[in-house]
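Asks: Just one file: structure_34.cif, with mmCIF, C-alpha atoms.
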data_coords
loop_
_atom_site.group_PDB
_atom_site.id
_atom_site.type_symbol
_atom_site.label_atom_id
_atom_site.label_comp_id
_atom_site.auth_asym_id
_atom_site.auth_seq_id
_atom_site.Cartn_x
_atom_site.Cartn_y
_atom_site.Cartn_z
ATOM 1 C CA MET B 1 15.537 2.408 10.902
ATOM 2 C CA ALA B 2 14.642 -0.893 12.587
ATOM 3 C CA ASP B 3 13.399 0.822 15.768
ATOM 4 C CA PRO B 4 9.572 0.667 16.036
ATOM 5 C CA ALA B 5 9.562 4.014 17.849
ATOM 6 C CA ILE B 6 10.593 5.737 14.606
ATOM 7 C CA TYR B 7 7.270 4.722 13.044
ATOM 8 C CA ARG B 8 4.999 5.590 15.962
ATOM 9 C CA ASP B 9 3.334 8.344 13.910
ATOM 10 C CA GLY B 10 3.719 6.642 10.533
ATOM 11 C CA LEU B 11 6.584 7.031 8.116
ATOM 12 C CA PRO B 12 9.172 9.585 9.329
ATOM 13 C CA PRO B 13 10.071 12.627 7.170
ATOM 14 C CA GLU B 14 13.414 11.107 6.158
ATOM 15 C CA ALA B 15 11.519 8.262 4.492
ATOM 16 C CA PHE B 16 10.596 10.658 1.683
ATOM 17 C CA THR B 17 13.876 12.512 1.182
ATOM 18 C CA THR B 18 17.045 10.631 2.120
ATOM 19 C CA ALA B 19 19.291 8.145 0.342
ATOM 20 C CA ALA B 20 19.897 6.457 3.709
ATOM 21 C CA PHE B 21 16.255 5.411 3.958
ATOM 22 C CA ALA B 22 16.291 4.264 0.333
ATOM 23 C CA LYS B 23 19.203 1.964 1.182
ATOM 24 C CA VAL B 24 17.186 0.518 4.058
ATOM 25 C CA GLU B 25 14.376 -0.223 1.595
ATOM 26 C CA ASP B 26 16.857 -1.862 -0.784
ATOM 27 C CA ALA B 27 18.052 -4.160 1.999
ATOM 28 C CA ARG B 28 14.901 -4.792 4.060
ATOM 29 C CA LEU B 29 11.857 -4.087 1.874
ATOM 30 C CA TRP B 30 12.286 -4.944 -1.789
ATOM 31 C CA PRO B 31 13.961 -8.349 -1.396
ATOM 32 C CA ARG B 32 11.279 -9.468 1.088
ATOM 33 C CA THR B 33 8.133 -8.435 -0.710
ATOM 34 C CA TRP B 34 6.315 -9.160 -3.956
ATOM 35 C CA VAL B 35 7.111 -6.555 -6.594
ATOM 36 C CA CYS B 36 4.981 -5.871 -9.658
ATOM 37 C CA ILE B 37 7.179 -5.495 -12.756
ATOM 38 C CA GLY B 38 4.731 -5.093 -15.638
ATOM 39 C CA ALA B 39 2.165 -6.931 -17.730
ATOM 40 C CA ALA B 40 2.520 -10.379 -19.265
ATOM 41 C CA ALA B 41 1.397 -8.861 -22.575
ATOM 42 C CA GLU B 42 4.708 -6.972 -22.757
ATOM 43 C CA ILE B 43 6.534 -10.254 -23.473
ATOM 44 C CA PRO B 44 4.039 -12.143 -25.659
ATOM 45 C CA ALA B 45 6.395 -14.316 -27.740
ATOM 46 C CA PRO B 46 8.759 -17.131 -26.678
ATOM 47 C CA GLY B 47 12.167 -15.724 -25.802
ATOM 48 C CA ASP B 48 10.940 -12.173 -25.062
ATOM 49 C CA LEU B 49 12.605 -10.703 -21.980
ATOM 50 C CA LEU B 50 11.403 -8.102 -19.445
ATOM 51 C CA PRO B 51 14.150 -6.457 -17.307
ATOM 52 C CA TYR B 52 13.492 -4.987 -13.879
ATOM 53 C CA THR B 53 15.555 -3.829 -10.909
ATOM 54 C CA VAL B 54 14.352 -4.964 -7.475
ATOM 55 C CA GLY B 55 16.181 -2.611 -5.119
ATOM 56 C CA VAL B 56 19.754 -3.133 -6.319
ATOM 57 C CA HIS B 57 19.127 -6.628 -7.688
ATOM 58 C CA GLY B 58 19.053 -6.790 -11.481
ATOM 59 C CA ILE B 59 16.558 -9.456 -12.576
ATOM 60 C CA HIS B 60 14.572 -10.398 -15.653
ATOM 61 C CA VAL B 61 11.535 -12.476 -16.595
ATOM 62 C CA GLN B 62 11.549 -14.387 -19.874
ATOM 63 C CA ARG B 63 8.790 -16.076 -21.841
ATOM 64 C CA LEU B 64 9.451 -19.797 -22.418
ATOM 65 C CA SER B 65 8.716 -21.809 -25.546
ATOM 66 C CA ASP B 66 5.713 -23.464 -23.850
ATOM 67 C CA GLY B 67 4.237 -20.074 -22.933
ATOM 68 C CA GLY B 68 5.368 -20.213 -19.313
ATOM 69 C CA LEU B 69 7.558 -17.697 -17.522
ATOM 70 C CA VAL B 70 10.916 -17.930 -15.784
ATOM 71 C CA GLY B 71 12.583 -15.357 -13.527
ATOM 72 C CA ARG B 72 16.332 -15.090 -13.011
ATOM 73 C CA PHE B 73 19.021 -12.825 -11.620
ATOM 74 C CA ASN B 74 20.894 -11.079 -14.405
ATOM 75 C CA LYS B 75 24.208 -12.615 -15.376
ATOM 76 C CA ALA B 76 26.031 -9.304 -14.881
ATOM 77 C CA GLN B 77 24.760 -7.558 -11.744
ATOM 78 C CA HIS B 78 27.064 -4.580 -12.364
ATOM 79 C CA GLY B 79 26.389 -4.455 -16.087
ATOM 80 C CA GLY B 80 29.681 -6.177 -16.817
ATOM 81 C CA CYS B 81 31.782 -3.851 -14.636
ATOM 82 C CA HIS B 82 34.233 -5.575 -12.276
ATOM 83 C CA PHE B 83 33.166 -3.211 -9.479
ATOM 84 C CA ILE B 84 30.400 -0.676 -8.858
ATOM 85 C CA PRO B 85 31.499 2.661 -10.370
ATOM 86 C CA LEU B 86 31.370 5.698 -8.094
ATOM 87 C CA GLN B 87 28.638 7.375 -10.144
ATOM 88 C CA CYS B 88 26.454 4.316 -9.551
ATOM 89 C CA GLN B 89 26.823 4.444 -5.754
ATOM 90 C CA SER B 90 24.925 7.711 -5.231
ATOM 91 C CA GLY B 91 21.501 6.118 -4.708
ATOM 92 C CA ARG B 92 20.359 7.486 -8.066
ATOM 93 C CA LYS B 93 19.877 5.098 -10.980
ATOM 94 C CA THR B 94 22.052 6.142 -13.917
ATOM 95 C CA ARG B 95 21.517 5.982 -17.667
ATOM 96 C CA CYS B 96 24.096 3.508 -18.906
ATOM 97 C CA GLY B 97 24.910 3.151 -22.589
ATOM 98 C CA PHE B 98 26.201 -0.380 -22.028
ATOM 99 C CA THR B 99 23.362 -2.212 -20.346
ATOM 100 C CA SER B 100 20.825 -2.013 -17.523
ATOM 101 C CA CYS B 101 21.771 -3.545 -14.191
ATOM 102 C CA GLY B 102 21.040 -3.170 -10.499
ATOM 103 C CA TYR B 103 22.391 0.399 -10.507
ATOM 104 C CA SER B 104 21.102 1.759 -13.821
ATOM 105 C CA LEU B 105 17.782 2.565 -15.409
ATOM 106 C CA ASP B 106 15.950 -0.418 -16.871
ATOM 107 C CA ARG B 107 15.583 -1.034 -20.556
ATOM 108 C CA ASP B 108 12.240 -1.579 -22.240
ATOM 109 C CA PRO B 109 11.192 -5.189 -22.915
ATOM 110 C CA ILE B 110 13.592 -6.939 -25.313
ATOM 111 C CA PRO B 111 11.900 -8.959 -28.074
ATOM 112 C CA ALA B 112 13.414 -12.273 -29.098
ATOM 113 C CA ALA B 113 14.900 -12.914 -32.521
ATOM 114 C CA PRO B 114 12.398 -13.913 -35.233
ATOM 115 C CA ASP B 115 13.217 -17.594 -34.624
ATOM 116 C CA GLY B 116 12.649 -17.186 -30.855
ATOM 117 C CA GLY B 117 16.351 -17.178 -30.099
ATOM 118 C CA GLU B 118 18.448 -14.721 -28.108
ATOM 119 C CA THR B 119 19.559 -11.338 -29.378
ATOM 120 C CA PRO B 120 22.905 -9.632 -28.610
ATOM 121 C CA GLU B 121 21.138 -7.267 -26.178
ATOM 122 C CA MET B 122 20.190 -10.235 -24.012
ATOM 123 C CA TYR B 123 23.724 -11.387 -23.257
ATOM 124 C CA GLN B 124 24.231 -9.179 -20.172
ATOM 125 C CA TYR B 125 21.059 -10.728 -18.750
ATOM 126 C CA LEU B 126 21.396 -14.366 -19.814
ATOM 127 C CA GLY B 127 25.096 -14.970 -20.334
ATOM 128 C CA MET B 128 26.109 -18.261 -21.947
ATOM 129 C CA ARG B 129 24.257 -20.517 -19.472
ATOM 130 C CA PRO B 130 20.880 -19.085 -18.408
ATOM 131 C CA ASP B 131 20.056 -22.389 -16.697
ATOM 132 C CA ARG B 132 22.800 -21.698 -14.146
ATOM 133 C CA LEU B 133 21.554 -18.266 -13.102
ATOM 134 C CA GLY B 134 19.994 -17.744 -9.683
ATOM 135 C CA ALA B 135 16.224 -18.206 -9.755
ATOM 136 C CA VAL B 136 13.653 -15.496 -9.013
ATOM 137 C CA THR B 137 10.073 -16.503 -8.179
ATOM 138 C CA VAL B 138 7.478 -15.288 -10.713
ATOM 139 C CA HIS B 139 3.733 -15.060 -10.177
ATOM 140 C CA ALA B 140 1.104 -14.016 -12.725
ATOM 141 C CA GLU B 141 -1.958 -12.426 -11.154
ATOM 142 C CA GLY B 142 -4.384 -11.911 -13.992
ATOM 143 C CA PRO B 143 -2.563 -9.834 -16.629
ATOM 144 C CA LEU B 144 0.104 -8.528 -14.198
ATOM 145 C CA LEU B 145 3.485 -10.042 -13.343
ATOM 146 C CA PHE B 146 5.013 -10.142 -9.858
ATOM 147 C CA VAL B 147 8.436 -11.305 -8.708
ATOM 148 C CA SER B 148 9.972 -12.011 -5.321
ATOM 149 C CA VAL B 149 13.666 -12.368 -4.591
ATOM 150 C CA GLU B 150 13.024 -14.141 -1.275
ATOM 151 C CA PRO B 151 9.350 -15.146 -1.159
ATOM 152 C CA SER B 152 8.085 -15.564 2.381
ATOM 153 C CA ASP B 153 4.469 -14.425 2.061
ATOM 154 C CA ALA B 154 1.681 -15.408 -0.316
ATOM 155 C CA PRO B 155 1.520 -13.410 -3.567
ATOM 156 C CA PRO B 156 -0.718 -10.331 -3.458
ATOM 157 C CA ALA B 157 -4.361 -10.669 -4.404
ATOM 158 C CA THR B 158 -5.470 -7.963 -6.823
ATOM 159 C CA GLY B 159 -9.055 -9.107 -7.209
ATOM 160 C CA ALA B 160 -10.641 -9.473 -10.619
ATOM 161 C CA LEU B 161 -8.898 -7.415 -13.287
ATOM 162 C CA PRO B 162 -10.182 -6.635 -16.790
ATOM 163 C CA PRO B 163 -8.594 -8.825 -19.487
ATOM 164 C CA VAL B 164 -7.767 -6.293 -22.213
ATOM 165 C CA VAL B 165 -4.265 -4.889 -21.639
ATOM 166 C CA ARG B 166 -2.841 -1.699 -23.093
ATOM 167 C CA PRO B 167 0.600 -0.592 -21.875
ATOM 168 C CA LEU B 168 0.115 3.168 -21.845
ATOM 169 C CA ASP B 169 3.306 4.879 -20.878
ATOM 170 C CA ARG B 170 6.549 4.944 -18.950
ATOM 171 C CA THR B 171 7.171 8.225 -17.214
ATOM 172 C CA THR B 172 9.278 9.727 -14.440
ATOM 173 C CA VAL B 173 7.868 11.734 -11.534
ATOM 174 C CA ASN B 174 10.114 14.030 -9.490
ATOM 175 C CA ALA B 175 8.883 12.772 -6.146
ATOM 176 C CA ASN B 176 9.612 9.928 -3.749
ATOM 177 C CA TRP B 177 7.827 6.718 -4.713
ATOM 178 C CA LYS B 178 5.879 6.641 -1.435
ATOM 179 C CA LEU B 179 4.552 10.147 -2.088
ATOM 180 C CA VAL B 180 3.449 9.074 -5.563
ATOM 181 C CA ALA B 181 1.718 6.009 -4.093
ATOM 182 C CA THR B 182 0.010 8.149 -1.450
ATOM 183 C CA SER B 183 -1.217 10.707 -3.988
ATOM 184 C CA LEU B 184 -2.605 7.973 -6.242
ATOM 185 C CA GLY B 185 -4.025 5.984 -3.333
ATOM 186 C CA ASP B 186 -6.014 8.933 -1.975
ATOM 187 C CA ARG B 187 -8.315 8.574 -4.983
ATOM 188 C CA PRO B 188 -11.681 6.863 -4.420
ATOM 189 C CA GLN B 189 -11.712 3.238 -5.637
ATOM 190 C CA ALA B 190 -7.930 3.005 -5.304
ATOM 191 C CA ASP B 191 -6.241 -0.167 -4.123
ATOM 192 C CA LEU B 192 -2.612 -0.791 -3.118
ATOM 193 C CA PRO B 193 -2.302 -4.600 -3.106
ATOM 194 C CA ALA B 194 1.495 -4.692 -3.346
ATOM 195 C CA GLY B 195 4.278 -2.421 -2.162
ATOM 196 C CA ASN B 196 4.862 -0.787 -5.543
ATOM 197 C CA LEU B 197 1.483 -1.256 -7.266
ATOM 198 C CA VAL B 198 -1.502 1.104 -7.250
ATOM 199 C CA LEU B 199 -4.751 0.095 -8.960
ATOM 200 C CA LEU B 200 -7.201 2.849 -9.904
ATOM 201 C CA ARG B 201 -10.594 1.350 -10.736
ATOM 202 C CA ASP B 202 -13.422 2.982 -12.666
ATOM 203 C CA GLU B 203 -16.443 0.897 -13.680
ATOM 204 C CA ASP B 204 -15.112 -1.604 -16.274
ATOM 205 C CA GLU B 205 -11.649 -0.027 -16.491
ATOM 206 C CA CYS B 206 -8.570 -0.161 -14.287
ATOM 207 C CA CYS B 207 -5.320 1.771 -14.446
ATOM 208 C CA ALA B 208 -2.328 -0.050 -12.963
ATOM 209 C CA VAL B 209 0.580 2.192 -11.940
ATOM 210 C CA ILE B 210 3.798 0.296 -11.179
ATOM 211 C CA LEU B 211 6.232 2.359 -9.098
ATOM 212 C CA GLN B 212 9.993 1.968 -9.114
ATOM 213 C CA PRO B 213 12.265 4.246 -7.049
ATOM 214 C CA ILE B 214 15.225 5.478 -9.113
ATOM 215 C CA ALA B 215 16.400 8.158 -6.637
ATOM 216 C CA PRO B 216 15.201 9.391 -3.231
ATOM 217 C CA ALA B 217 13.059 12.011 -4.979
ATOM 218 C CA ARG B 218 12.434 10.370 -8.374
ATOM 219 C CA THR B 219 10.075 7.568 -9.350
ATOM 220 C CA ALA B 220 9.806 5.638 -12.596
ATOM 221 C CA CYS B 221 6.183 4.752 -13.351
ATOM 222 C CA ARG B 222 5.060 1.968 -15.665
ATOM 223 C CA ILE B 223 1.412 2.559 -16.558
ATOM 224 C CA VAL B 224 -0.872 -0.177 -17.860
ATOM 225 C CA LEU B 225 -4.547 0.259 -18.738
ATOM 226 C CA LEU B 226 -6.880 -2.701 -18.241
ATOM 227 C CA SER B 227 -10.432 -2.803 -19.560
ATOM 228 C CA GLU B 228 -13.257 -5.044 -20.659
ATOM 229 C CA ARG B 229 -12.968 -3.666 -24.206
ATOM 230 C CA SER B 230 -10.544 -1.806 -26.402
ATOM 231 C CA LEU B 231 -9.986 1.729 -25.153
ATOM 232 C CA ASP B 232 -10.324 4.692 -27.479
ATOM 233 C CA GLU B 233 -8.169 7.827 -27.385
ATOM 234 C CA LYS B 234 -10.763 9.681 -25.330
ATOM 235 C CA ALA B 235 -10.504 7.125 -22.532
ATOM 236 C CA THR B 236 -6.707 7.105 -22.540
ATOM 237 C CA ALA B 237 -6.619 10.908 -22.538
ATOM 238 C CA ARG B 238 -8.918 10.929 -19.496
ATOM 239 C CA TRP B 239 -6.602 8.589 -17.618
ATOM 240 C CA ARG B 240 -3.537 10.607 -18.629
ATOM 241 C CA GLY B 241 -5.164 13.782 -17.324
ATOM 242 C CA GLU B 242 -6.007 12.240 -13.959
ATOM 243 C CA LEU B 243 -2.556 10.732 -13.572
ATOM 244 C CA ASP B 244 -0.862 14.034 -14.401
ATOM 245 C CA GLU B 245 -2.928 15.705 -11.676
ATOM 246 C CA ARG B 246 -2.020 13.025 -9.121
ATOM 247 C CA PHE B 247 1.656 13.161 -10.081
ATOM 248 C CA ALA B 248 1.646 16.953 -9.690
ATOM 249 C CA GLY B 249 0.287 16.531 -6.166
ATOM 250 C CA ALA B 250 3.157 14.201 -5.285
ATOM 251 C CA VAL B 251 5.701 16.699 -6.655
ATOM 252 C CA ALA B 252 4.150 19.447 -4.515
ATOM 253 C CA TRP B 253 4.413 17.214 -1.439
ATOM 254 C CA GLN B 254 8.058 16.520 -2.222
ATOM 255 C CA ALA B 255 8.790 20.236 -1.824
ATOM 256 C CA THR B 256 7.528 20.052 1.780
ATOM 257 C CA GLY B 257 9.106 16.675 2.499
ATOM 258 C CA ARG B 258 5.958 14.722 3.347
ATOM 259 C CA PRO B 259 2.261 14.323 2.426
ATOM 260 C CA SER B 260 -0.356 16.615 3.896
ATOM 261 C CA GLY B 261 -3.695 15.687 5.436
ATOM 262 C CA GLU B 262 -4.978 12.380 6.711
ATOM 263 C CA PRO B 263 -4.364 9.364 4.464
ATOM 264 C CA SER B 264 -7.251 7.369 3.048
ATOM 265 C CA SER B 265 -7.978 3.971 4.574
ATOM 266 C CA ALA B 266 -6.320 2.278 1.586
ATOM 267 C CA VAL B 267 -3.144 4.332 2.024
ATOM 268 C CA ALA B 268 -3.127 3.846 5.804
ATOM 269 C CA GLY B 269 -3.328 0.061 5.391
ATOM 270 C CA TRP B 270 -0.575 0.123 2.769
ATOM 271 C CA GLN B 271 1.682 2.198 5.043
ATOM 272 C CA ALA B 272 1.114 -0.235 7.909
ATOM 273 C CA ARG B 273 2.147 -3.164 5.695
ATOM 274 C CA LEU B 274 5.172 -1.195 4.511
ATOM 275 C CA ILE B 275 6.305 -0.450 8.057
ATOM 276 C CA GLY B 276 5.737 -4.077 9.027
ATOM 277 C CA ALA B 277 8.020 -5.217 6.210
ATOM 278 C CA LEU B 278 10.730 -2.745 7.240
ATOM 279 C CA LEU B 279 10.579 -3.971 10.848
ATOM 280 C CA LYS B 280 10.457 -7.662 9.959
ATOM 281 C CA SER B 281 13.298 -9.554 11.588
ATOM 282 C CA GLY B 282 15.802 -11.552 9.615
ATOM 283 C CA PRO B 283 19.101 -11.023 7.788
ATOM 284 C CA GLU B 284 19.270 -8.239 5.258
ATOM 285 C CA ARG B 285 19.787 -9.215 1.646
ATOM 286 C CA ARG B 286 23.100 -7.829 0.453
ATOM 287 C CA PRO B 287 23.724 -7.188 -3.256
ATOM 288 C CA VAL B 288 24.829 -10.018 -5.494
ATOM 289 C CA ARG B 289 28.395 -9.649 -6.688
ATOM 290 C CA ASN B 290 29.321 -9.186 -10.318
ATOM 291 C CA SER B 291 28.094 -12.588 -11.542
ATOM 292 C CA ALA B 292 24.818 -14.218 -10.512
ATOM 293 C CA TYR B 293 25.901 -17.778 -11.202
ATOM 294 C CA PRO B 294 25.205 -19.382 -7.774
ATOM 295 C CA ARG B 295 27.659 -22.249 -8.223
ATOM 296 C CA ASN B 296 30.570 -19.947 -8.999
ATOM 297 C CA HIS B 297 32.596 -19.916 -5.771
ATOM 298 C CA ARG B 298 34.236 -16.559 -6.404
ATOM 299 C CA TYR B 299 31.168 -14.664 -7.572
ATOM 300 C CA GLY B 300 28.349 -16.503 -5.831
ATOM 301 C CA PHE B 301 25.645 -14.997 -3.643
ATOM 302 C CA VAL B 302 26.749 -12.984 -0.627
ATOM 303 C CA ALA B 303 25.318 -14.459 2.561
#
As structure tokens, what does this structure read like?
Replies:
Amino acid sequence: MADPAIYRDGLPPEAFTTAAFAKVEDARLWPRTWVCIGAAAEIPAPGDLLPYTVGVHGIHVQRLSDGGLVGRFNKAQHGGCHFIPLQCQSGRKTRCGFTSCGYSLDRDPIPAAPDGGETPEMYQYLGMRPDRLGAVTVHAEGPLLFVSVEPSDAPPATGALPPVVRPLDRTTVNANWKLVATSLGDRPQADLPAGNLVLLRDEDECCAVILQPIAPARTACRIVLLSERSLDEKATARWRGELDERFAGAVAWQATGRPSGEPSSAVAGWQARLIGALLKSGPERRPVRNSAYPRNHRYGFVA
């Protein structure tokens, strides 16, 4: 997948259907790019924690007592398992009753205890010594949060975004994440500033759709509405209706294995950046072993 000839006519058909291509993205795309994980408003209080999986790297962002943010690798990259179970090696994120890790579906944001301290649910993320966990770079762009496992480029520029934030929904679309991005990006006034972020603008409103692949043909979508004022139910229903239509288009494309028609200029530019990241030279980032404590000789980072 590192041969430029494969991408002569854009993304190949296997990019939308195969677990093999998803593994290439896990190794060559997600660790090397800025990934949008949600809105800062989802973790408003000190100690609140937002989990996210970047490829197969389980990470979290936590609100500090001074209002700042810190990003870290999760303490237990396999959710506390000593090895990756077979059911978690299929390329499909699983629903785990124990915790969320690099191979399972993410939990919702975890609020801190009333005194700002940790809760039992946070242990698999923080462990006993959060200060010893591997660091993840965090960047706040307006109301949105971005992380990078290995930052090499400048953070994405989203342009001015409305200040009022309303997390709308978390939903799953039965289509490859690139098909979902393409369907959303074909809309007028759409912008794709980061690999997994699509911004749909409409006068003084903006709908941010954060895409996370959870299987070759399944995408988890975190939807955040941004506006200059509080949104009423009529406005949210309008956005839901448009998103449902765009998601349905991606599902229809999944049945054929690739998008139809010529992409918009926004989508074409996004695809070019995506291909450039996949072809970028340098060592691939292999998964972190069970523990993310970098000074632990046995369970440190894999070179």
Asks: So which residues get picked by the PyMOL selection byres ((chain B and resi 136) around 6) here, written as a list in words?
Replies: Gly71, Arg72, Ala135, Thr137 and Val149 of chain B
Asks: Could you please take those selected residues and save C-alpha atoms as a compact mmCIF listing (two decimals), in the coordinates of the input?
Replies:
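Saved result, result14.txt, follows:
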# COMPACT_ATOMS: atom_id res chain seq x y z
CA GLY B 71 12.58 -15.36 -13.53
CA ARG B 72 16.33 -15.09 -13.01
CA ALA B 135 16.22 -18.21 -9.76
CA THR B 137 10.07 -16.50 -8.18
CA VAL B 149 13.67 -12.37 -4.59
Asks: So what do you get for CA of Ser230 (chain B) versus CA of Leu243 (chain B), distance-wise?
Replies: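 Computing it gives 19.6 Å between the two atoms.
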Asks: Got a sec: who's within 10 Å of region 169-174 of chain B, counting only C-alpha atoms, leaving out chain neighbours fewer than 4 positions off, as a list in words?
Replies: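 That gives Asp108, Val180, Val209, Ile210, Leu211, Gln212, Pro213, Ile214, Ala215, Pro216, Ala217, Arg218, Thr219, Ala220, Cys221, Arg222, Ile223, Val224, Leu225, Arg240, Asp244, Phe247, Ala248, Ala250, Val251, Ala252, Gln254 and Ala255 of chain B.
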Asks: Counting only C-alpha atoms, which residues in region 156-268 of chain B sit no more than 8 Å from region 27-49 of chain B? For each one, give the nearest pair of atoms and the distance in Å, sorted by chain then residue number, as JSON lines.
Replies:
{"residue": "B:Pro156", "atom": "CA", "partner": "B:Trp34", "partner_atom": "CA", "distance": 7.1}
{"residue": "B:Val165", "atom": "CA", "partner": "B:Ala41", "partner_atom": "CA", "distance": 7.0}
{"residue": "B:Pro167", "atom": "CA", "partner": "B:Glu42", "partner_atom": "CA", "distance": 7.6}
{"residue": "B:Ala194", "atom": "CA", "partner": "B:Trp34", "partner_atom": "CA", "distance": 6.6}
{"residue": "B:Gly195", "atom": "CA", "partner": "B:Val35", "partner_atom": "CA", "distance": 6.7}
{"residue": "B:Asn196", "atom": "CA", "partner": "B:Val35", "partner_atom": "CA", "distance": 6.3}
{"residue": "B:Leu197", "atom": "CA", "partner": "B:Cys36", "partner_atom": "CA", "distance": 6.3}
{"residue": "B:Ile210", "atom": "CA", "partner": "B:Cys36", "partner_atom": "CA", "distance": 6.5}
{"residue": "B:Arg222", "atom": "CA", "partner": "B:Gly38", "partner_atom": "CA", "distance": 7.1}
{"residue": "B:Val224", "atom": "CA", "partner": "B:Ala39", "partner_atom": "CA", "distance": 7.4}
Asks: Expanded to explicit residues, what is the PyMOL selection byres ((chain B and resi 206) around 8) for this file, as JSON, numbers by chain?
Replies: {"B": [161, 162, 199, 200, 201, 202, 203, 204, 205, 207, 208, 225, 226, 227]}
Asks: At most 12 Å from (14.9, -8.5, -26.6), file frame, all atoms listed in the file: which residues, as a ChimeraX atom specification?
Replies: /B:42-51,60-63,107-114,116-126
Asks: Just give me the gap between CA of Val24 (chain B) and CA of Ala277 (chain B) in Å, one decimal is fine.
Replies: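 Separating CA of Val24 (chain B) from CA of Ala277 (chain B) is a distance of 11.0 Å.
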Asks: Let me make sure I understand: among B:Gly249, B:Pro163, B:Gly185, B:Gly276, which one has the smallest atom-to-atom distance to Tyr7 (chain B) if we use all atoms listed in the file?
Replies: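 The closest residue to Tyr7 (chain B) is B:Gly276.
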Asks: Please rebuild region 36-41 of chain B with all heavy atoms and return the result as a PDB file, in the frame of the given file.
Replies:
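Saved result, part19.pdb, follows:
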ATOM      1  N   CYS B  36       5.583  -5.837  -8.330  1.00  0.00           N
ATOM      2  CA  CYS B  36       4.981  -5.871  -9.658  1.00  0.00           C
ATOM      3  C   CYS B  36       5.983  -5.279 -10.658  1.00  0.00           C
ATOM      4  O   CYS B  36       6.573  -4.225 -10.407  1.00  0.00           O
ATOM      5  CB  CYS B  36       3.680  -5.080  -9.681  1.00  0.00           C
ATOM      6  SG  CYS B  36       2.771  -5.226 -11.254  1.00  0.00           S
ATOM      7  N   ILE B  37       6.183  -5.960 -11.794  1.00  0.00           N
ATOM      8  CA  ILE B  37       7.179  -5.495 -12.756  1.00  0.00           C
ATOM      9  C   ILE B  37       6.587  -5.117 -14.107  1.00  0.00           C
ATOM     10  O   ILE B  37       7.292  -4.547 -14.945  1.00  0.00           O
ATOM     11  CB  ILE B  37       8.285  -6.546 -12.968  1.00  0.00           C
ATOM     12  CG1 ILE B  37       7.727  -7.798 -13.640  1.00  0.00           C
ATOM     13  CG2 ILE B  37       8.956  -6.899 -11.639  1.00  0.00           C
ATOM     14  CD1 ILE B  37       8.807  -8.743 -14.127  1.00  0.00           C
ATOM     15  N   GLY B  38       5.321  -5.430 -14.354  1.00  0.00           N
ATOM     16  CA  GLY B  38       4.731  -5.093 -15.638  1.00  0.00           C
ATOM     17  C   GLY B  38       3.595  -6.033 -15.973  1.00  0.00           C
ATOM     18  O   GLY B  38       3.040  -6.718 -15.103  1.00  0.00           O
ATOM     19  N   ALA B  39       3.254  -6.083 -17.250  1.00  0.00           N
ATOM     20  CA  ALA B  39       2.165  -6.931 -17.730  1.00  0.00           C
ATOM     21  C   ALA B  39       2.724  -8.067 -18.573  1.00  0.00           C
ATOM     22  O   ALA B  39       3.702  -7.901 -19.307  1.00  0.00           O
ATOM     23  CB  ALA B  39       1.185  -6.111 -18.562  1.00  0.00           C
ATOM     24  N   ALA B  40       2.080  -9.228 -18.475  1.00  0.00           N
ATOM     25  CA  ALA B  40       2.520 -10.379 -19.265  1.00  0.00           C
ATOM     26  C   ALA B  40       2.453 -10.084 -20.761  1.00  0.00           C
ATOM     27  O   ALA B  40       3.230 -10.634 -21.543  1.00  0.00           O
ATOM     28  CB  ALA B  40       1.662 -11.597 -18.916  1.00  0.00           C
ATOM     29  N   ALA B  41       1.545  -9.198 -21.154  1.00  0.00           N
ATOM     30  CA  ALA B  41       1.397  -8.861 -22.575  1.00  0.00           C
ATOM     31  C   ALA B  41       2.615  -8.142 -23.137  1.00  0.00           C
ATOM     32  O   ALA B  41       2.748  -8.028 -24.363  1.00  0.00           O
ATOM     33  CB  ALA B  41       0.148  -7.998 -22.774  1.00  0.00           C
TER      34      ALA B  41
END
